[in-house]
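Here is the file run.cif (mmCIF, C-alpha atoms).
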```
data_start
loop_
_atom_site.label_atom_id
_atom_site.label_comp_id
_atom_site.auth_asym_id
_atom_site.auth_seq_id
_atom_site.Cartn_x
_atom_site.Cartn_y
_atom_site.Cartn_z
CA MET A 161 82.18 -200.22 -27.86
CA THR A 162 82.59 -202.75 -30.70
CA SER A 163 86.18 -203.79 -31.32
CA THR A 164 87.76 -203.78 -34.77
CA THR A 165 88.06 -207.57 -34.60
CA GLU A 166 84.34 -207.92 -33.91
CA GLN A 167 83.52 -205.54 -36.75
CA LEU A 168 85.66 -207.50 -39.21
CA SER A 169 84.25 -210.84 -38.10
CA ALA A 170 80.79 -209.56 -39.01
CA THR A 171 81.84 -208.61 -42.55
CA THR A 172 82.16 -210.87 -45.55
CA LEU A 173 85.41 -211.79 -47.29
CA LEU A 174 85.96 -211.18 -51.01
CA ARG A 175 88.88 -212.76 -52.82
CA PHE A 176 89.66 -210.95 -56.05
CA ALA A 177 92.44 -210.82 -58.62
CA THR A 178 93.72 -208.03 -60.82
CA ALA A 179 94.98 -208.57 -64.36
CA GLY A 180 95.96 -206.33 -67.22
CA SER A 181 98.43 -205.85 -70.01
CA VAL A 182 101.81 -204.28 -69.31
CA ASP A 183 101.57 -200.54 -68.50
CA ASP A 184 97.78 -200.58 -68.17
CA GLY A 185 98.25 -199.11 -64.68
CA LYS A 186 97.36 -202.16 -62.61
CA SER A 187 99.86 -201.52 -59.83
CA THR A 188 98.73 -197.90 -59.69
CA LEU A 189 95.10 -198.99 -59.37
CA VAL A 190 95.92 -201.35 -56.50
CA GLY A 191 98.02 -198.67 -54.84
CA ARG A 192 95.17 -196.15 -55.23
CA LEU A 193 92.72 -198.65 -53.70
CA LEU A 194 95.00 -199.20 -50.71
CA HIS A 195 95.80 -195.50 -50.32
CA ASP A 196 92.31 -194.06 -50.69
CA SER A 197 90.71 -196.74 -48.52
CA LYS A 198 93.18 -195.81 -45.74
CA SER A 199 94.78 -199.26 -45.85
CA VAL A 200 98.39 -198.02 -46.03
CA LEU A 201 100.59 -197.64 -42.98
CA GLU A 202 102.13 -194.19 -42.49
CA ASP A 203 105.71 -195.43 -42.80
CA GLN A 204 104.85 -197.21 -46.06
CA LEU A 205 103.43 -194.00 -47.50
CA GLU A 206 106.44 -192.01 -46.33
CA ALA A 207 108.78 -194.48 -48.05
CA VAL A 208 106.81 -194.20 -51.30
CA GLU A 209 106.85 -190.40 -51.11
CA ARG A 210 110.60 -190.43 -50.50
CA VAL A 211 111.39 -192.74 -53.44
CA SER A 212 109.03 -190.78 -55.71
CA ALA A 213 110.72 -187.50 -54.76
CA ASP A 214 114.14 -189.02 -55.43
CA ARG A 215 112.94 -189.86 -58.94
CA GLY A 216 111.81 -186.28 -59.47
CA GLN A 217 108.10 -187.06 -59.39
CA ASP A 218 105.73 -184.42 -58.06
CA ALA A 219 103.20 -186.86 -56.58
CA PRO A 220 103.71 -190.19 -54.81
CA ASP A 221 103.97 -193.12 -57.25
CA LEU A 222 101.30 -195.36 -55.73
CA ALA A 223 102.45 -198.30 -57.87
CA LEU A 224 105.38 -198.59 -55.45
CA LEU A 225 102.96 -199.75 -52.78
CA THR A 226 102.43 -202.98 -54.69
CA ASP A 227 105.60 -203.59 -56.69
CA GLY A 228 107.39 -205.08 -53.72
CA LEU A 229 110.26 -207.02 -55.26
CA ARG A 230 113.42 -205.14 -56.14
CA ALA A 231 113.38 -206.67 -59.64
CA GLU A 232 109.83 -205.40 -60.10
CA ARG A 233 110.68 -201.89 -58.95
CA GLU A 234 113.72 -201.69 -61.20
CA GLN A 235 111.83 -202.90 -64.28
CA GLY A 236 108.58 -201.13 -63.44
CA ILE A 237 106.65 -204.36 -63.94
CA THR A 238 104.93 -206.99 -61.83
CA ILE A 239 106.57 -210.42 -62.20
CA ASP A 240 104.93 -212.54 -59.52
CA VAL A 241 101.61 -212.94 -57.75
CA ALA A 242 101.49 -210.69 -54.70
CA TYR A 243 98.73 -211.08 -52.13
CA ARG A 244 97.45 -207.96 -50.35
CA TYR A 245 95.11 -207.95 -47.38
CA PHE A 246 92.96 -204.94 -46.57
CA ALA A 247 89.55 -204.15 -45.14
CA THR A 248 86.86 -201.50 -45.09
CA ALA A 249 83.94 -201.19 -42.70
CA ARG A 250 81.81 -203.24 -45.13
CA ARG A 251 84.07 -206.08 -46.23
CA ARG A 252 87.46 -207.78 -45.90
CA PHE A 253 89.56 -208.36 -49.03
CA ILE A 254 92.30 -210.70 -50.21
CA LEU A 255 93.76 -209.32 -53.43
CA ALA A 256 95.92 -211.34 -55.80
CA ASP A 257 97.92 -208.90 -57.91
CA THR A 258 98.98 -210.86 -61.01
CA PRO A 259 101.51 -210.02 -63.76
CA GLY A 260 100.57 -208.72 -67.19
CA HIS A 261 103.20 -210.27 -69.45
CA VAL A 262 102.21 -213.15 -71.73
CA GLN A 263 104.92 -215.36 -70.22
CA TYR A 264 103.28 -215.03 -66.80
CA THR A 265 99.87 -216.44 -67.81
CA ARG A 266 100.47 -219.25 -65.29
CA ASN A 267 100.79 -216.64 -62.53
CA MET A 268 97.36 -215.26 -63.37
CA VAL A 269 95.95 -218.78 -63.20
CA THR A 270 97.44 -219.11 -59.71
CA GLY A 271 96.02 -215.78 -58.57
CA ALA A 272 92.55 -216.20 -60.07
CA SER A 273 92.03 -219.85 -59.11
CA THR A 274 90.43 -218.96 -55.77
CA ALA A 275 89.01 -215.56 -56.78
CA GLU A 276 85.32 -214.70 -56.79
CA LEU A 277 86.01 -211.60 -58.88
CA ALA A 278 88.61 -210.52 -61.42
CA VAL A 279 89.45 -206.91 -62.29
CA VAL A 280 90.72 -206.71 -65.88
CA LEU A 281 92.40 -203.41 -66.73
CA VAL A 282 92.40 -201.85 -70.17
CA ASP A 283 94.27 -198.72 -71.29
CA ALA A 284 91.59 -196.41 -72.73
CA ARG A 285 94.02 -195.32 -75.47
CA ASN A 286 94.67 -198.89 -76.65
CA GLY A 287 91.32 -200.56 -76.06
CA VAL A 288 90.93 -204.34 -75.96
CA VAL A 289 94.23 -205.99 -76.92
CA GLU A 290 95.35 -209.64 -77.18
CA GLN A 291 96.34 -209.79 -73.52
CA THR A 292 92.91 -208.44 -72.52
CA ARG A 293 91.25 -211.30 -74.37
CA ARG A 294 93.71 -213.72 -72.82
CA HIS A 295 92.83 -212.55 -69.30
CA ALA A 296 89.10 -212.75 -70.05
CA ALA A 297 89.59 -216.32 -71.30
CA VAL A 298 91.54 -217.34 -68.19
CA ALA A 299 88.81 -215.85 -65.97
CA ALA A 300 86.19 -217.83 -67.93
CA LEU A 301 88.22 -221.05 -67.77
CA LEU A 302 88.56 -220.69 -63.99
CA ARG A 303 84.81 -219.97 -63.65
CA VAL A 304 85.39 -216.64 -61.90
CA PRO A 305 81.79 -215.52 -61.28
CA HIS A 306 82.28 -211.74 -61.52
CA VAL A 307 84.51 -209.75 -63.89
CA VAL A 308 85.11 -206.00 -63.67
CA LEU A 309 86.41 -204.23 -66.77
CA ALA A 310 88.32 -201.20 -65.49
CA VAL A 311 88.91 -198.84 -68.43
CA ASN A 312 91.90 -196.93 -67.09
CA LYS A 313 93.64 -193.69 -68.10
CA MET A 314 90.37 -192.01 -69.02
CA ASP A 315 92.13 -188.71 -68.26
CA LEU A 316 94.33 -189.29 -71.32
CA VAL A 317 91.32 -189.52 -73.65
CA ASP A 318 89.61 -186.41 -72.20
CA TYR A 319 87.12 -188.55 -70.25
CA GLN A 320 85.14 -189.26 -73.43
CA GLU A 321 82.07 -191.41 -72.90
CA SER A 322 82.22 -192.71 -76.48
CA VAL A 323 85.72 -194.17 -75.95
CA PHE A 324 84.57 -195.98 -72.80
CA ALA A 325 81.35 -197.23 -74.40
CA ALA A 326 83.13 -198.73 -77.40
CA ILE A 327 85.67 -200.60 -75.25
CA ALA A 328 82.99 -201.80 -72.83
CA GLU A 329 80.84 -203.14 -75.66
CA GLU A 330 83.71 -205.00 -77.34
CA PHE A 331 84.91 -206.60 -74.10
CA THR A 332 81.42 -207.49 -72.86
CA THR A 333 80.54 -209.19 -76.14
CA TYR A 334 83.76 -211.24 -76.07
CA ALA A 335 83.54 -212.23 -72.39
CA SER A 336 79.85 -213.13 -72.68
CA GLU A 337 80.65 -215.52 -75.52
CA LEU A 338 83.10 -217.23 -73.18
CA GLY A 339 80.36 -217.75 -70.62
CA VAL A 340 81.43 -215.14 -68.04
CA PRO A 341 78.18 -214.72 -66.05
CA GLU A 342 78.55 -211.10 -64.93
CA ILE A 343 80.58 -208.22 -66.38
CA THR A 344 80.69 -204.71 -64.91
CA ALA A 345 82.50 -201.93 -66.82
CA ILE A 346 83.84 -198.92 -64.89
CA PRO A 347 85.70 -195.90 -66.39
CA ILE A 348 88.61 -194.87 -64.13
CA SER A 349 91.83 -192.97 -63.82
CA ALA A 350 93.96 -194.77 -61.27
CA LEU A 351 96.56 -192.01 -61.35
CA ALA A 352 94.06 -189.21 -60.68
CA GLY A 353 91.77 -191.33 -58.50
CA ASP A 354 88.66 -191.04 -60.70
CA ASN A 355 86.03 -193.69 -59.82
CA VAL A 356 88.48 -195.86 -57.86
CA VAL A 357 87.34 -195.04 -54.33
CA GLU A 358 85.72 -191.63 -54.87
CA PRO A 359 83.25 -190.81 -57.68
CA SER A 360 84.73 -188.80 -60.52
CA ALA A 361 83.76 -185.17 -61.07
CA ASN A 362 85.09 -185.50 -64.64
CA MET A 363 82.65 -188.18 -65.82
CA ASP A 364 79.16 -187.01 -64.88
CA TRP A 365 77.84 -189.21 -67.71
CA TYR A 366 78.72 -192.31 -65.67
CA GLY A 367 76.16 -193.26 -63.03
CA GLY A 368 77.52 -196.62 -61.85
CA PRO A 369 79.58 -197.58 -58.80
CA THR A 370 83.23 -196.84 -58.12
CA VAL A 371 85.61 -199.79 -58.12
CA LEU A 372 85.66 -199.98 -54.32
CA GLU A 373 81.89 -199.59 -54.05
CA HIS A 374 81.41 -202.49 -56.45
CA LEU A 375 83.96 -204.61 -54.56
CA GLU A 376 82.13 -203.86 -51.31
CA THR A 377 78.66 -204.68 -52.60
CA VAL A 378 79.04 -207.45 -55.21
CA PRO A 379 77.28 -210.61 -53.99
CA VAL A 380 79.85 -213.08 -52.71
CA SER A 381 78.76 -216.21 -54.51
CA HIS A 382 81.21 -218.67 -52.97
CA ASP A 383 78.53 -220.15 -50.71
CA LEU A 384 80.11 -223.56 -50.33
CA THR A 385 77.10 -224.80 -48.39
CA ALA A 386 74.92 -224.58 -51.51
CA CYS A 387 76.88 -227.38 -53.23
CA PRO A 388 76.57 -231.13 -52.49
CA ALA A 389 78.59 -232.11 -49.43
CA ARG A 390 82.15 -233.30 -50.03
CA PHE A 391 84.44 -234.43 -47.20
CA PRO A 392 87.99 -235.48 -48.20
CA VAL A 393 89.48 -237.56 -45.38
CA GLN A 394 92.77 -236.08 -44.25
CA TYR A 395 93.57 -238.20 -41.19
CA VAL A 396 92.16 -241.25 -39.38
CA ILE A 397 92.02 -240.74 -35.60
CA ARG A 398 92.30 -243.86 -33.44
CA PRO A 399 93.51 -242.95 -29.93
CA GLN A 400 93.16 -246.55 -28.61
CA THR A 401 93.37 -245.27 -25.04
CA ALA A 402 91.61 -246.51 -21.93
CA GLU A 403 89.29 -243.52 -22.18
CA HIS A 404 88.56 -244.02 -25.90
CA PRO A 405 89.24 -247.71 -26.65
CA ASP A 406 86.96 -247.94 -29.70
CA TYR A 407 87.05 -244.35 -31.03
CA ARG A 408 87.51 -244.13 -34.79
CA GLY A 409 87.15 -240.70 -36.37
CA TYR A 410 87.86 -239.28 -39.80
CA ALA A 411 89.31 -235.78 -39.69
CA GLY A 412 89.39 -233.22 -42.49
CA GLN A 413 87.96 -230.00 -43.87
CA ILE A 414 84.50 -230.01 -45.44
CA ALA A 415 85.16 -228.90 -49.03
CA SER A 416 81.53 -228.05 -49.77
CA GLY A 417 78.00 -228.54 -48.53
CA VAL A 418 76.48 -229.45 -45.16
CA LEU A 419 76.78 -232.68 -43.16
CA ARG A 420 74.34 -233.79 -40.44
CA VAL A 421 74.29 -236.50 -37.79
CA GLY A 422 72.06 -239.33 -38.97
CA GLU A 423 72.70 -238.67 -42.65
CA ALA A 424 73.33 -241.61 -44.99
CA VAL A 425 76.72 -241.32 -46.70
CA THR A 426 78.83 -243.14 -49.26
CA VAL A 427 82.60 -243.56 -49.03
CA LEU A 428 84.45 -243.23 -52.34
CA PRO A 429 86.09 -244.77 -54.26
CA SER A 430 85.04 -248.00 -52.48
CA GLY A 431 81.30 -247.24 -52.67
CA LYS A 432 80.66 -248.52 -49.12
CA SER A 433 77.68 -247.00 -47.30
CA SER A 434 77.13 -245.92 -43.71
CA VAL A 435 75.46 -243.29 -41.54
CA ILE A 436 77.06 -240.32 -39.76
CA GLU A 437 76.92 -241.32 -36.10
CA GLY A 438 78.63 -238.21 -34.75
CA ILE A 439 80.42 -234.99 -35.71
CA ASP A 440 83.11 -233.47 -33.50
CA ALA A 441 84.07 -229.82 -34.02
CA LEU A 442 86.76 -228.25 -31.84
CA GLY A 443 86.52 -231.23 -29.52
CA GLU A 444 82.78 -230.86 -28.96
CA PRO A 445 79.97 -232.96 -30.48
CA VAL A 446 77.69 -231.06 -32.90
CA ASP A 447 74.63 -232.09 -34.91
CA ILE A 448 75.52 -230.21 -38.10
CA ALA A 449 78.67 -228.91 -39.81
CA TRP A 450 79.28 -227.04 -43.05
CA ALA A 451 82.05 -225.92 -45.39
CA PRO A 452 84.76 -224.83 -44.79
CA GLN A 453 84.76 -226.15 -41.19
CA SER A 454 87.38 -228.66 -40.08
CA VAL A 455 85.68 -231.52 -38.23
CA THR A 456 85.95 -235.18 -37.32
CA LEU A 457 83.24 -237.55 -38.55
CA ARG A 458 82.27 -240.79 -36.78
CA LEU A 459 80.39 -243.41 -38.81
CA ALA A 460 78.02 -246.10 -37.60
CA ASP A 461 79.79 -248.91 -39.48
CA ASP A 462 83.35 -250.14 -39.25
CA ILE A 463 84.56 -249.44 -42.81
CA ASP A 464 88.11 -249.45 -44.14
CA ILE A 465 88.66 -245.71 -44.74
CA SER A 466 92.00 -243.98 -45.20
CA ARG A 467 93.47 -240.61 -46.18
CA GLY A 468 92.27 -239.53 -49.61
CA ASP A 469 88.87 -241.19 -49.43
CA LEU A 470 85.85 -238.97 -50.04
CA ILE A 471 82.74 -239.09 -47.85
CA VAL A 472 79.62 -237.80 -49.64
CA PRO A 473 75.83 -237.89 -49.16
CA ALA A 474 74.41 -241.18 -50.44
CA GLY A 475 72.20 -239.45 -53.01
CA SER A 476 74.72 -237.08 -54.60
CA ALA A 477 77.94 -238.98 -55.18
CA PRO A 478 80.22 -237.87 -58.03
CA ALA A 479 81.22 -240.29 -60.77
CA VAL A 480 84.23 -242.48 -60.03
CA THR A 481 86.66 -242.71 -62.93
CA GLN A 482 90.19 -243.59 -63.95
CA ASP A 483 90.04 -241.58 -67.18
CA VAL A 484 90.24 -237.88 -66.37
CA GLU A 485 89.46 -235.44 -69.19
CA ALA A 486 90.38 -231.91 -68.24
CA THR A 487 91.73 -228.52 -69.17
CA VAL A 488 95.15 -227.85 -67.66
CA CYS A 489 97.40 -224.83 -67.40
CA HIS A 490 101.01 -225.93 -67.61
CA VAL A 491 103.00 -224.09 -64.95
CA ALA A 492 106.41 -225.82 -64.99
CA ASP A 493 109.40 -224.92 -67.15
CA GLN A 494 109.78 -228.55 -68.27
CA PRO A 495 107.29 -229.67 -70.95
CA LEU A 496 104.40 -232.06 -70.34
CA ALA A 497 104.34 -234.72 -73.06
CA VAL A 498 102.08 -237.61 -74.03
CA GLY A 499 103.22 -240.70 -72.12
CA ALA A 500 104.56 -238.74 -69.14
CA ARG A 501 104.26 -240.49 -65.79
CA VAL A 502 102.93 -238.12 -63.16
CA LEU A 503 101.25 -237.97 -59.79
CA LEU A 504 97.72 -236.58 -59.70
CA LYS A 505 96.77 -234.81 -56.47
CA HIS A 506 93.02 -234.36 -55.93
CA THR A 507 91.96 -232.97 -52.53
CA THR A 508 93.81 -235.20 -50.03
CA ARG A 509 94.33 -238.09 -52.47
CA THR A 510 97.47 -238.57 -54.57
CA VAL A 511 97.61 -241.32 -57.21
CA LYS A 512 99.97 -242.38 -59.96
CA ALA A 513 98.88 -241.50 -63.49
CA ILE A 514 99.96 -241.38 -67.12
CA VAL A 515 99.21 -238.64 -69.65
CA LYS A 516 97.47 -240.67 -72.35
CA ASP A 517 96.66 -237.86 -74.77
CA ILE A 518 96.92 -234.12 -75.31
CA PRO A 519 94.09 -233.59 -77.84
CA SER A 520 94.53 -229.85 -78.23
CA LYS A 521 96.17 -226.66 -77.09
CA LEU A 522 94.12 -223.51 -76.67
CA THR A 523 95.14 -220.36 -78.53
CA LEU A 524 93.86 -217.70 -76.14
CA ASP A 525 94.10 -214.89 -78.68
CA ASP A 526 91.18 -216.21 -80.74
CA LEU A 527 90.10 -219.27 -78.67
CA SER A 528 90.97 -221.65 -81.50
CA GLN A 529 92.07 -225.19 -80.70
CA HIS A 530 95.46 -226.31 -82.03
CA PRO A 531 95.06 -230.11 -82.42
CA ASP A 532 97.58 -232.71 -81.24
CA PRO A 533 100.36 -230.41 -80.01
CA GLY A 534 102.22 -233.44 -78.59
CA GLN A 535 103.27 -231.51 -75.51
CA LEU A 536 102.49 -228.46 -73.42
CA VAL A 537 105.12 -225.96 -72.34
CA ALA A 538 105.09 -223.25 -69.67
CA ASN A 539 101.96 -221.04 -69.79
CA ASP A 540 100.20 -223.31 -72.31
CA ILE A 541 96.55 -224.16 -71.67
CA GLY A 542 95.37 -227.38 -73.23
CA ARG A 543 93.09 -230.40 -73.04
CA VAL A 544 94.54 -233.60 -71.59
CA VAL A 545 93.37 -237.15 -70.98
CA VAL A 546 94.99 -238.67 -67.90
CA ARG A 547 94.70 -242.34 -66.90
CA THR A 548 95.02 -242.92 -63.16
CA ALA A 549 96.21 -246.08 -61.43
CA GLU A 550 93.34 -245.91 -58.95
CA PRO A 551 89.76 -244.66 -59.25
CA LEU A 552 89.09 -241.00 -58.42
CA ALA A 553 85.85 -239.29 -57.41
CA LEU A 554 85.96 -235.99 -59.29
CA ASP A 555 83.24 -233.43 -59.75
CA ALA A 556 83.14 -231.36 -62.91
CA TYR A 557 85.01 -228.10 -62.29
CA ALA A 558 81.89 -226.22 -63.42
CA ASP A 559 80.02 -227.76 -60.48
CA SER A 560 82.73 -227.41 -57.83
CA ARG A 561 85.98 -225.49 -58.07
CA ARG A 562 87.22 -227.30 -54.94
CA THR A 563 86.58 -230.94 -55.89
CA GLY A 564 86.78 -230.45 -59.66
CA SER A 565 90.39 -229.25 -59.60
CA PHE A 566 93.65 -231.16 -59.30
CA LEU A 567 97.43 -230.88 -59.71
CA LEU A 568 99.78 -232.90 -61.87
CA ILE A 569 103.11 -233.42 -60.07
CA ASP A 570 106.51 -234.70 -61.17
CA PRO A 571 107.04 -237.95 -59.19
CA ALA A 572 110.81 -237.51 -59.32
CA ASP A 573 111.14 -234.21 -57.46
CA GLY A 574 107.63 -233.11 -56.43
CA THR A 575 107.51 -230.17 -58.86
CA THR A 576 104.00 -229.00 -59.76
CA LEU A 577 103.63 -229.48 -63.50
CA ALA A 578 100.07 -228.38 -64.25
CA ALA A 579 96.85 -227.19 -62.63
CA GLY A 580 93.82 -229.06 -63.91
CA MET A 581 90.08 -228.43 -64.19
CA ALA A 582 87.98 -231.54 -64.80
CA GLY A 583 85.29 -231.50 -67.46
CA GLU A 584 84.74 -229.17 -70.40
CA SER A 585 86.66 -225.93 -70.89
CA PHE A 586 84.08 -223.15 -70.97
CA ALA A 587 80.76 -222.75 -69.22
CA SER A 588 78.66 -223.07 -72.37
CA LYS A 589 79.63 -226.69 -72.97
CA ALA A 590 78.12 -229.82 -71.42
CA GLU A 591 80.06 -231.64 -68.74
CA THR A 592 81.02 -235.29 -69.24
CA ALA A 593 82.56 -238.04 -67.14
CA SER A 594 83.51 -241.66 -67.71
CA VAL A 595 84.17 -244.74 -65.59
CA GLN A 596 86.83 -247.37 -66.29
CA ASP A 597 88.22 -250.42 -64.55
CA GLU A 598 91.19 -250.24 -62.18
CA GLU A 599 94.66 -251.05 -63.45
CA GLY A 600 98.20 -250.66 -62.17
CA TRP A 601 101.01 -248.20 -62.90
CA ASP A 602 101.94 -249.77 -66.25
CA PHE A 603 98.77 -249.21 -68.17
#
```

Take the structure in the file and write it out as structure tokens.
Amino acid sequence: MTSTTEQLSATTLLRFATAGSVDDGKSTLVGRLLHDSKSVLEDQLEAVERVSADRGQDAPDLALLTDGLRAEREQGITIDVAYRYFATARRRFILADTPGHVQYTRNMVTGASTAELAVVLVDARNGVVEQTRRHAAVAALLRVPHVVLAVNKMDLVDYQESVFAAIAEEFTTYASELGVPEITAIPISALAGDNVVEPSANMDWYGGPTVLEHLETVPVSHDLTACPARFPVQYVIRPQTAEHPDYRGYAGQIASGVLRVGEAVTVLPSGKSSVIEGIDALGEPVDIAWAPQSVTLRLADDIDISRGDLIVPAGSAPAVTQDVEATVCHVADQPLAVGARVLLKHTTRTVKAIVKDIPSKLTLDDLSQHPDPGQLVANDIGRVVVRTAEPLALDAYADSRRTGSFLLIDPADGTTLAAGMAGESFASKAETASVQDEEGWDF
């Protein structure tokens, strides 16, 4: 008999995020997904039923399954990113439940940054509102490949097809203009359970999948092996023992692509070349390794390589630059101003940098650019130009979410200031990169 562990290991993993305006029913939707997919422990359900009864509610308030913090329960809102893990027979899921308030835009960026799919909720009575457009823009900025528009509370508009169709058309038009590659609209009632896990008997005009069915069957497009190979060096291994007197290995996790023994590689930012002489995985030599495996590479030549260097195939090296142009979401409470000295962390490499310019700030309501804001404050999304003290090998974020992203950090206390995405903002624009000479901290 096949064990549960063996069954799960044979299924794929989907990371997805939920977003919606306040009171769109997001927590109820997540609770309904967990409840109807039998992913809730009995004692959890009993606790929810007890609290719901104490409040005088006839049915269990499934939102309580997700609003875990006391402050959230008391206010009836979600105020932080909560990660939920559940599984069905067809797929495993990691769900990032993100807040709906405008002041928590940075939390949605955190939750959606690793997601392959985003579920954007809309209240059928209100239609597409400013926060809906904001969430669609964030999903587009983060290059989330699949977006689901869940038109919730259809029971409160008498399950009218015309209401759903109008909202779906408006949202799809807007999101498509942003470059979102795939949009699926589903009419639901999270409270009643319509089209969440089970098909609705109240909307026979809808012939598409339920939310769970779509989550189970959407193609998982995070095939990291399809991208050019990128290997950030995390640690240099030199045992210098009698058994291994000359062993020199470079350990790390393959960020993308496939590496093979005998392959010609380039080490960045130095530009030195060599050949992969050996690959060790779990202590055993292998001929091939792929993302996201953690391995140790051995090269044929004795090259000066240290933590933060990037090993890439000789024919597909990213541009090396000291001038980073990017879109950033500012996540700290303290502002980010022109002239600020920061640390830039890219994969395993951390370098000193200065914010040379903040050309514009994005107004997510209408996607207009506010020129020369001078600084970015919490939840702002803007364009920045950062000059680094040492060369960096960055991919465009559009090409690789792993090696095209970075963090800006306060050198004084280690606080994360901003999350950055190298290259142009939205998918419809061309990607650019530049190369400059190396300089020191005071530049």

Up to 7 Å from (83.2, -241.8, -59.5) in the file's coordinates: name the residues, counting all atoms listed in the file, as an MDAnalysis selection string. chainID A and resid 429 478:481 552:554 595

Run through the PyMOL selection byres ((chain A and resi 416-427) around 6) on the given coordinates and return the selected residues as an MDAnalysis selection string. chainID A and resid 384:390 414:415 428 431:438 447:451 470:474

For this structure, which residues satisfy the selection - the PyMOL selection byres ((chain A and resi 254) around 8) - when it is evaluated on the file as given? I want them as a PyMOL selection string. chain A and resi 173-176+243-246+252-253+255-256

Rank nothing, just name the residue among A:Thr370, A:Ser197, A:Gln529, A:Asn267 nearest to Asn355 (chain A), using only C-alpha atoms.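 Residue with the minimum atom-to-atom distance to Asn355 (chain A): A:Thr370.
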
What is the distance, in Å and to one decimal place, between CA of Val393 (chain A) and CA of Asp555 (chain A)?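 Calculated distance between CA of Val393 (chain A) and CA of Asp555 (chain A) is 16.2 Å.
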
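With all atoms listed in the file as the atoms that count, the residue of A:Val182, A:Leu281, A:Ile346, A:Ala579 with the shortest distance to Glu321 (chain A) is A:Ile346.
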
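Using all atoms listed in the file, the shortest contact distance between Gly191 (chain A) and any of A:Leu277, A:Ala325, A:Leu316, A:Val357 is found at A:Val357.
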
Reference answer for the PyMOL selection byres ((chain A and resi 542) around 8), as a PDB file with C-alpha atoms, in the frame of the given file:
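After the write, selection37.pdb holds the following:
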```
ATOM      1  CA  THR A 487      91.730-228.520 -69.170  1.00  0.00           C
ATOM      2  CA  VAL A 488      95.150-227.850 -67.660  1.00  0.00           C
ATOM      3  CA  CYS A 489      97.400-224.830 -67.400  1.00  0.00           C
ATOM      4  CA  ILE A 518      96.920-234.120 -75.310  1.00  0.00           C
ATOM      5  CA  PRO A 519      94.090-233.590 -77.840  1.00  0.00           C
ATOM      6  CA  SER A 520      94.530-229.850 -78.230  1.00  0.00           C
ATOM      7  CA  LYS A 521      96.170-226.660 -77.090  1.00  0.00           C
ATOM      8  CA  LEU A 522      94.120-223.510 -76.670  1.00  0.00           C
ATOM      9  CA  LEU A 536     102.490-228.460 -73.420  1.00  0.00           C
ATOM     10  CA  ASP A 540     100.200-223.310 -72.310  1.00  0.00           C
ATOM     11  CA  ILE A 541      96.550-224.160 -71.670  1.00  0.00           C
ATOM     12  CA  ARG A 543      93.090-230.400 -73.040  1.00  0.00           C
ATOM     13  CA  VAL A 544      94.540-233.600 -71.590  1.00  0.00           C
TER      14      VAL A 544
END
```

Using all atoms listed in the file, tabulate the residues of region 260-301 of chain A lying at most 10 Å from any atom of region 556-562 of chain A, each with its closest atom pair and that distance in Å to one decimal, by chain and increasing residue number, as CSV.
```
residue,atom,partner,partner_atom,distance
A:Ser273,CA,A:Arg561,CA,8.3
A:Thr274,CA,A:Arg561,CA,8.2
A:Leu301,CA,A:Ala558,CA,9.3
```

Produce a file of the selected residues containing C-alpha atoms, as a short mmCIF file (atom, residue, chain, number, x, y, z; two decimals), keeping the file's coordinate frame.
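Final file, part-v6.cif:
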```cif
data_model
loop_
_atom_site.label_atom_id
_atom_site.label_comp_id
_atom_site.auth_asym_id
_atom_site.auth_seq_id
_atom_site.Cartn_x
_atom_site.Cartn_y
_atom_site.Cartn_z
CA SER A 273 92.03 -219.85 -59.11
CA THR A 274 90.43 -218.96 -55.77
CA LEU A 301 88.22 -221.05 -67.77
#
```
